[in-house]
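Shown below: upload_29.txt, with compact mmCIF, C-alpha atoms.
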# COMPACT_ATOMS: atom_id res chain seq x y z
CA MET A 1 9.45 -2.59 31.93
CA ASN A 2 9.76 -3.01 35.68
CA ASN A 3 7.27 -1.27 37.95
CA LYS A 4 7.51 -0.94 41.72
CA GLU A 5 5.15 -3.91 42.05
CA ASP A 6 7.57 -6.09 40.05
CA ILE A 7 10.41 -5.62 42.54
CA LYS A 8 10.70 -8.05 45.42
CA VAL A 9 11.97 -6.42 48.63
CA ASN A 10 13.62 -8.61 51.27
CA THR A 11 14.16 -6.89 54.63
CA PHE A 12 16.62 -7.98 57.33
CA ASP A 13 17.61 -6.86 60.83
CA SER A 14 21.33 -6.75 60.04
CA ASN A 15 23.75 -6.74 57.15
CA GLU A 16 25.02 -10.12 58.35
CA ALA A 17 21.54 -11.69 58.10
CA LEU A 18 21.08 -10.04 54.71
CA SER A 19 24.44 -11.36 53.53
CA SER A 20 23.65 -14.89 54.67
CA SER A 21 20.36 -14.95 52.75
CA LEU A 22 21.67 -13.17 49.65
CA SER A 23 24.74 -15.41 49.43
CA GLU A 24 22.48 -18.46 49.50
CA ARG A 25 20.42 -17.06 46.64
CA ILE A 26 23.47 -16.10 44.59
CA ALA A 27 25.03 -19.54 45.06
CA GLU A 28 21.76 -21.18 44.04
CA LEU A 29 21.53 -19.16 40.81
CA LEU A 30 25.18 -19.71 39.93
CA ALA A 31 24.85 -23.45 40.53
CA GLN A 32 21.78 -23.56 38.28
CA ALA A 33 23.66 -21.74 35.51
CA ILE A 34 26.61 -24.14 35.82
CA GLU A 35 24.28 -27.11 35.61
CA GLN A 36 22.53 -25.69 32.54
CA ARG A 37 25.48 -24.21 30.61
CA GLY A 38 28.64 -25.38 32.32
CA GLU A 39 29.58 -21.83 33.38
CA ALA A 40 28.28 -18.78 35.24
CA THR A 41 29.11 -15.09 35.59
CA LEU A 42 28.84 -12.97 38.74
CA VAL A 43 29.15 -9.17 38.82
CA VAL A 44 29.68 -7.48 42.19
CA SER A 45 30.13 -3.97 43.55
CA GLY A 46 32.99 -2.67 45.65
CA GLY A 47 33.06 -0.44 48.70
CA ARG A 48 32.53 -1.37 52.36
CA THR A 49 28.94 -2.63 52.25
CA PRO A 50 29.51 -5.99 50.51
CA LYS A 51 32.31 -7.23 52.80
CA PRO A 52 29.93 -9.43 54.89
CA LEU A 53 28.41 -10.74 51.67
CA PHE A 54 31.85 -11.66 50.34
CA ALA A 55 32.63 -13.47 53.60
CA ALA A 56 29.39 -15.45 53.29
CA LEU A 57 30.11 -16.34 49.66
CA ASN A 58 33.54 -17.65 50.69
CA GLU A 59 31.76 -20.56 52.37
CA LYS A 60 29.46 -21.56 49.52
CA ASP A 61 30.25 -24.96 48.09
CA ILE A 62 29.67 -24.66 44.34
CA GLU A 63 31.96 -25.23 41.36
CA TRP A 64 33.68 -21.86 41.61
CA SER A 65 36.23 -22.85 38.95
CA LYS A 66 33.37 -22.51 36.45
CA VAL A 67 32.40 -19.01 37.65
CA THR A 68 33.73 -15.76 36.15
CA ILE A 69 33.70 -12.74 38.50
CA LEU A 70 34.06 -9.09 37.59
CA LEU A 71 33.36 -5.73 39.15
CA ALA A 72 30.57 -3.36 38.20
CA ASP A 73 33.04 -0.49 38.45
CA GLU A 74 36.53 0.49 39.51
CA ARG A 75 38.07 3.57 41.07
CA TRP A 76 41.10 4.71 39.10
CA VAL A 77 43.66 4.41 41.90
CA SER A 78 46.71 2.25 42.50
CA PRO A 79 45.75 -1.42 42.97
CA ASP A 80 47.57 -1.22 46.31
CA SER A 81 45.27 1.55 47.55
CA ASP A 82 42.68 0.74 50.21
CA ASP A 83 40.19 2.52 47.94
CA SER A 84 40.78 0.05 45.11
CA ASN A 85 37.86 -2.25 44.40
CA ASP A 86 40.33 -4.62 42.72
CA LYS A 87 42.21 -4.94 46.02
CA LEU A 88 38.92 -5.49 47.86
CA ILE A 89 37.96 -8.36 45.57
CA LYS A 90 41.36 -10.02 45.78
CA THR A 91 41.60 -9.76 49.57
CA CYS A 92 37.96 -10.28 50.63
CA LEU A 93 36.19 -12.33 47.93
CA LEU A 94 38.75 -14.45 46.10
CA LYS A 95 39.49 -16.56 49.16
CA ASN A 96 38.75 -20.11 50.30
CA LYS A 97 36.36 -21.78 47.84
CA VAL A 98 35.82 -18.63 45.75
CA GLY A 99 39.55 -18.44 45.06
CA ALA A 100 39.07 -20.99 42.29
CA ALA A 101 36.90 -18.56 40.27
CA LYS A 102 38.12 -16.75 37.16
CA TYR A 103 38.49 -13.03 37.86
CA VAL A 104 38.33 -10.37 35.14
CA SER A 105 40.01 -7.28 36.59
CA LEU A 106 38.96 -3.84 35.37
CA PHE A 107 42.33 -2.41 36.38
CA THR A 108 44.66 -2.40 33.38
CA GLY A 109 47.51 -0.15 34.46
CA HIS A 110 46.53 2.51 31.92
CA GLU A 111 47.06 6.03 33.21
CA GLN A 112 43.57 7.07 32.13
CA ALA A 113 40.33 5.19 32.77
CA SER A 114 39.16 6.09 29.27
CA ASN A 115 42.10 4.18 27.77
CA ALA A 116 41.27 1.20 29.95
CA ALA A 117 37.66 1.30 28.76
CA ALA A 118 38.79 1.05 25.16
CA ALA A 119 41.28 -1.73 25.96
CA LEU A 120 38.75 -3.86 27.87
CA GLU A 121 35.66 -3.20 25.74
CA ALA A 122 35.90 -6.25 23.48
CA LYS A 123 36.74 -8.59 26.37
CA VAL A 124 33.84 -7.47 28.58
CA ALA A 125 31.38 -7.20 25.68
CA ALA A 126 32.19 -10.79 24.69
CA LEU A 127 31.25 -12.21 28.09
CA PRO A 128 27.95 -14.12 28.07
CA LYS A 129 24.79 -12.69 29.56
CA PHE A 130 25.51 -12.16 33.24
CA ASP A 131 23.84 -14.64 35.56
CA VAL A 132 23.91 -12.50 38.70
CA VAL A 133 24.59 -8.78 39.15
CA VAL A 134 24.80 -7.39 42.69
CA LEU A 135 24.73 -3.60 42.85
CA GLY A 136 24.98 -1.16 45.70
CA MET A 137 23.80 2.43 45.77
CA GLY A 138 25.12 5.68 47.19
CA ASN A 139 23.06 8.20 49.14
CA ASP A 140 22.92 10.28 45.95
CA GLY A 141 21.27 7.48 43.99
CA HIS A 142 24.34 6.46 42.02
CA THR A 143 24.99 2.82 41.26
CA ALA A 144 28.16 1.30 39.82
CA SER A 145 29.97 4.57 38.97
CA LEU A 146 27.02 6.21 37.23
CA PHE A 147 26.77 9.39 39.31
CA PRO A 148 24.09 12.07 38.91
CA CYS A 149 26.82 14.71 38.92
CA CYS A 150 29.02 13.35 36.13
CA ALA A 151 28.96 14.62 32.56
CA GLN A 152 29.11 11.04 31.30
CA LEU A 153 25.85 9.96 32.97
CA GLU A 154 23.65 10.13 29.86
CA ALA A 155 26.16 8.10 27.86
CA GLY A 156 26.41 5.54 30.66
CA LEU A 157 22.64 5.13 30.65
CA THR A 158 22.11 5.08 26.88
CA GLN A 159 25.17 3.89 24.96
CA SER A 160 25.52 0.29 23.85
CA ASN A 161 29.18 -0.02 24.83
CA ALA A 162 29.96 -2.26 27.81
CA LEU A 163 32.24 0.22 29.59
CA ILE A 164 32.50 3.94 30.18
CA ALA A 165 34.96 6.17 32.01
CA THR A 166 33.28 8.60 34.42
CA GLN A 167 34.46 11.68 36.29
CA PRO A 168 32.20 12.36 39.30
CA THR A 169 32.44 15.83 40.81
CA THR A 170 31.03 14.88 44.22
CA ALA A 171 33.19 11.79 44.83
CA PRO A 172 36.92 11.18 44.63
CA TYR A 173 38.73 9.55 41.72
CA ASN A 174 37.93 9.01 38.10
CA ARG A 175 36.13 5.71 37.54
CA LEU A 176 35.57 2.91 35.08
CA SER A 177 32.01 1.58 35.03
CA LEU A 178 29.88 -0.96 33.28
CA THR A 179 27.07 0.79 31.42
CA LYS A 180 23.38 0.34 32.16
CA GLN A 181 22.91 -1.68 28.98
CA ARG A 182 25.61 -4.18 30.00
CA LEU A 183 24.46 -4.40 33.61
CA LEU A 184 20.90 -5.15 32.53
CA ASN A 185 22.08 -7.78 30.06
CA SER A 186 21.73 -10.25 32.92
CA HIS A 187 19.39 -12.90 34.27
CA HIS A 188 19.07 -11.48 37.80
CA VAL A 189 19.88 -8.11 39.37
CA PHE A 190 20.09 -7.62 43.13
CA PHE A 191 20.30 -4.26 44.91
CA HIS A 192 22.18 -4.58 48.20
CA ILE A 193 21.06 -1.62 50.32
CA THR A 194 21.90 -0.75 53.92
CA GLY A 195 20.81 2.20 56.05
CA ASP A 196 17.65 4.29 56.34
CA GLU A 197 18.92 7.13 54.15
CA LYS A 198 19.66 4.86 51.20
CA TRP A 199 16.34 3.08 51.69
CA SER A 200 14.49 6.39 51.42
CA VAL A 201 16.33 7.24 48.19
CA LEU A 202 15.64 3.80 46.74
CA GLN A 203 11.92 4.05 47.55
CA THR A 204 11.77 7.33 45.65
CA ALA A 205 13.66 5.78 42.73
CA MET A 206 11.26 2.82 42.66
CA GLU A 207 8.18 5.03 42.68
CA ARG A 208 9.16 7.25 39.76
CA PRO A 209 12.00 7.36 37.24
CA ASP A 210 14.29 10.37 37.59
CA PRO A 211 17.66 9.25 36.23
CA THR A 212 19.29 12.67 36.27
CA LYS A 213 18.70 12.87 40.03
CA TYR A 214 18.78 9.15 40.93
CA PRO A 215 20.58 7.17 38.20
CA ILE A 216 19.57 3.89 39.82
CA SER A 217 15.96 4.64 38.89
CA ASP A 218 16.82 4.21 35.21
CA LEU A 219 18.07 0.68 35.83
CA ILE A 220 14.95 -0.10 37.84
CA HIS A 221 12.41 1.16 35.30
CA ALA A 222 14.15 0.72 31.94
CA GLY A 223 14.43 -3.04 31.66
CA SER A 224 12.61 -6.29 32.25
CA THR A 225 15.47 -8.04 34.08
CA PRO A 226 14.17 -9.45 37.39
CA ILE A 227 15.17 -7.18 40.29
CA ASP A 228 15.32 -8.12 43.95
CA VAL A 229 16.16 -5.68 46.76
CA TYR A 230 17.97 -6.95 49.84
CA TYR A 231 17.75 -4.30 52.54
CA SER A 232 18.84 -3.92 56.12
CA ALA A 233 18.54 -0.80 58.26
CA ALA A 234 21.80 -1.58 60.07
Once you've parsed the file, please lay out its structure as C-alpha cells.
Amino acid sequence: MNNKEDIKVNTFDSNEALSSSLSERIAELLAQAIEQRGEATLVVSGGRTPKPLFAALNEKDIEWSKVTILLADERWVSPDSDDSNDKLIKTCLLKNKVGAAKYVSLFTGHEQASNAAAALEAKVAALPKFDVVVLGMGNDGHTASLFPCCAQLEAGLTQSNALIATQPTTAPYNRLSLTKQRLLNSHHVFFHITGDEKWSVLQTAMERPDPTKYPISDLIHAGSTPIDVYYSAA
C-alpha cells in the first residue's frame, strides 16, 4: 500500500516545463516496454491540462506503431464536440510521430454510456497490464470520471470490471470511465496536476484516504503501483 512517503513529487515552474520532463519519462518507459515485450500501452486523460504534454509527446522518437493508446475516461457527447476527449486525442495527440500508434476509442456511438461500457468491457479487459497511466484531477478530487458526487463512485472504486458508466451531478455529461482496479493494473501511474487549488486537494488526499470526498485518495492509498506526481503552480 502506498503511503505519502512512497510518492515522488516533481515540481515545475510551468506546465510547459512539466510537460517536457514528463514526456521524456513516458517515452523512456514506453521504449523500455517495447524493448522487453515488443509492445506498450499508454493511458491518458482528457481536458485542457494535458495539451502541452501531448504536444511534447508528438516529438518523441520511439516506435509508436507498437504503442496502444486509450483514454482513462470519456464524456458522452458527440465526437465532433469540443468537449469530447476522443476529439482531443485525435486532434492533439495522434499527430506527427504519435500518429502511428494504435488508438482504442471509448466512444462507440451507443446512445447510453452504460451500453458502451458493456460493449467495450471484453476489449479493454483483455489489454495487457498498462505500462503508463497519466491521470489528472479536478478541484473536487475526482480523477478519470470517478466523481465524489456520483452514485456510481463506490462501484468504480471496488468492482473488478474494467469500465463503468458514471453520472456526475456537479459536472456536465454522463461519462464512461476506467475503474480504479483497471487503472491500477499498471506499471507506472503519474498524476499531472496544475494550479495551487488542485495541489492543496492532492496534499490532503496523500495525507489521508477519504475516497468519498476525494476519490483520487483511494487510488493513491489502495495499491502498490508506483506513483509519481508532476506538479506546476502555473
request  = Find the distance between CA of Glu121 (chain A) and CA of Gln159 (chain A) and write it in Å to one decimal.
outcome  =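 Distance between the two atoms: 12.7 Å.
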message = List the spatial neighbours of Thr170 (chain A) as a PyMOL selection string - criterion: any atom at most 10 Å away, all atoms listed in the file, same-chain residues fewer than 6 positions off excluded.
response = chain A and resi 140+147-150
Exercise on region 159-165 of chain A, axis-aligned box with 3 Å per side, report centre and edge lengths in Å to one decimal, as JSON:
{"center_x": 30.1, "center_y": 2.0, "center_z": 27.9, "size_x": 15.8, "size_y": 14.4, "size_z": 14.2}
ask   = Restricting the calculation to all atoms listed in the file, which member of A:Val124, A:Leu70, A:Asp80, A:Thr204 is positioned closest to Lys102 (chain A)?
value =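 Looking only at the distances to Lys102 (chain A), the closest residue turns out to be A:Leu70.
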request  = Give me the residues within 12 Å of Gly38 (chain A) as a PyMOL selection string, counting all atoms listed in the file and dropping any in the same chain fewer than 6 places off.
outcome  = chain A and resi 30-32+63-68
Write a file of the selected residues as a short mmCIF file (atom, residue, chain, number, x, y, z; two decimals), in the frame of the given file, keeping C-alpha atoms.
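The new file selection-v1.cif reads:
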data_model
loop_
_atom_site.label_atom_id
_atom_site.label_comp_id
_atom_site.auth_asym_id
_atom_site.auth_seq_id
_atom_site.Cartn_x
_atom_site.Cartn_y
_atom_site.Cartn_z
CA LEU A 30 25.18 -19.71 39.93
CA ALA A 31 24.85 -23.45 40.53
CA GLN A 32 21.78 -23.56 38.28
CA GLU A 63 31.96 -25.23 41.36
CA TRP A 64 33.68 -21.86 41.61
CA SER A 65 36.23 -22.85 38.95
CA LYS A 66 33.37 -22.51 36.45
CA VAL A 67 32.40 -19.01 37.65
CA THR A 68 33.73 -15.76 36.15
#
ask   = Which residue gives the smallest distance to Leu153 (chain A) among A:Thr169, A:Ser20, A:Thr212, A:Ser186, with only C-alpha atoms counted?
value = A:Thr212
request  = Using all atoms listed in the file, pick whichever of A:Ile193, A:Ala165, A:Val98, A:Val9 has the shortest atom-to-atom distance to Asn115 (chain A).
outcome  =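 The closest residue to Asn115 (chain A) is A:Ala165.
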ask   = CA of Gly141 (chain A) to CA of Pro211 (chain A): how many Å, to one decimal?
value =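 Atom-to-atom, CA of Gly141 (chain A) and CA of Pro211 (chain A) are spaced 8.7 Å apart.
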message = Between CA of Asp196 (chain A) and CA of Ser21 (chain A), what is the distance in Å, rounded to a tenth?
response = 19.8 Å
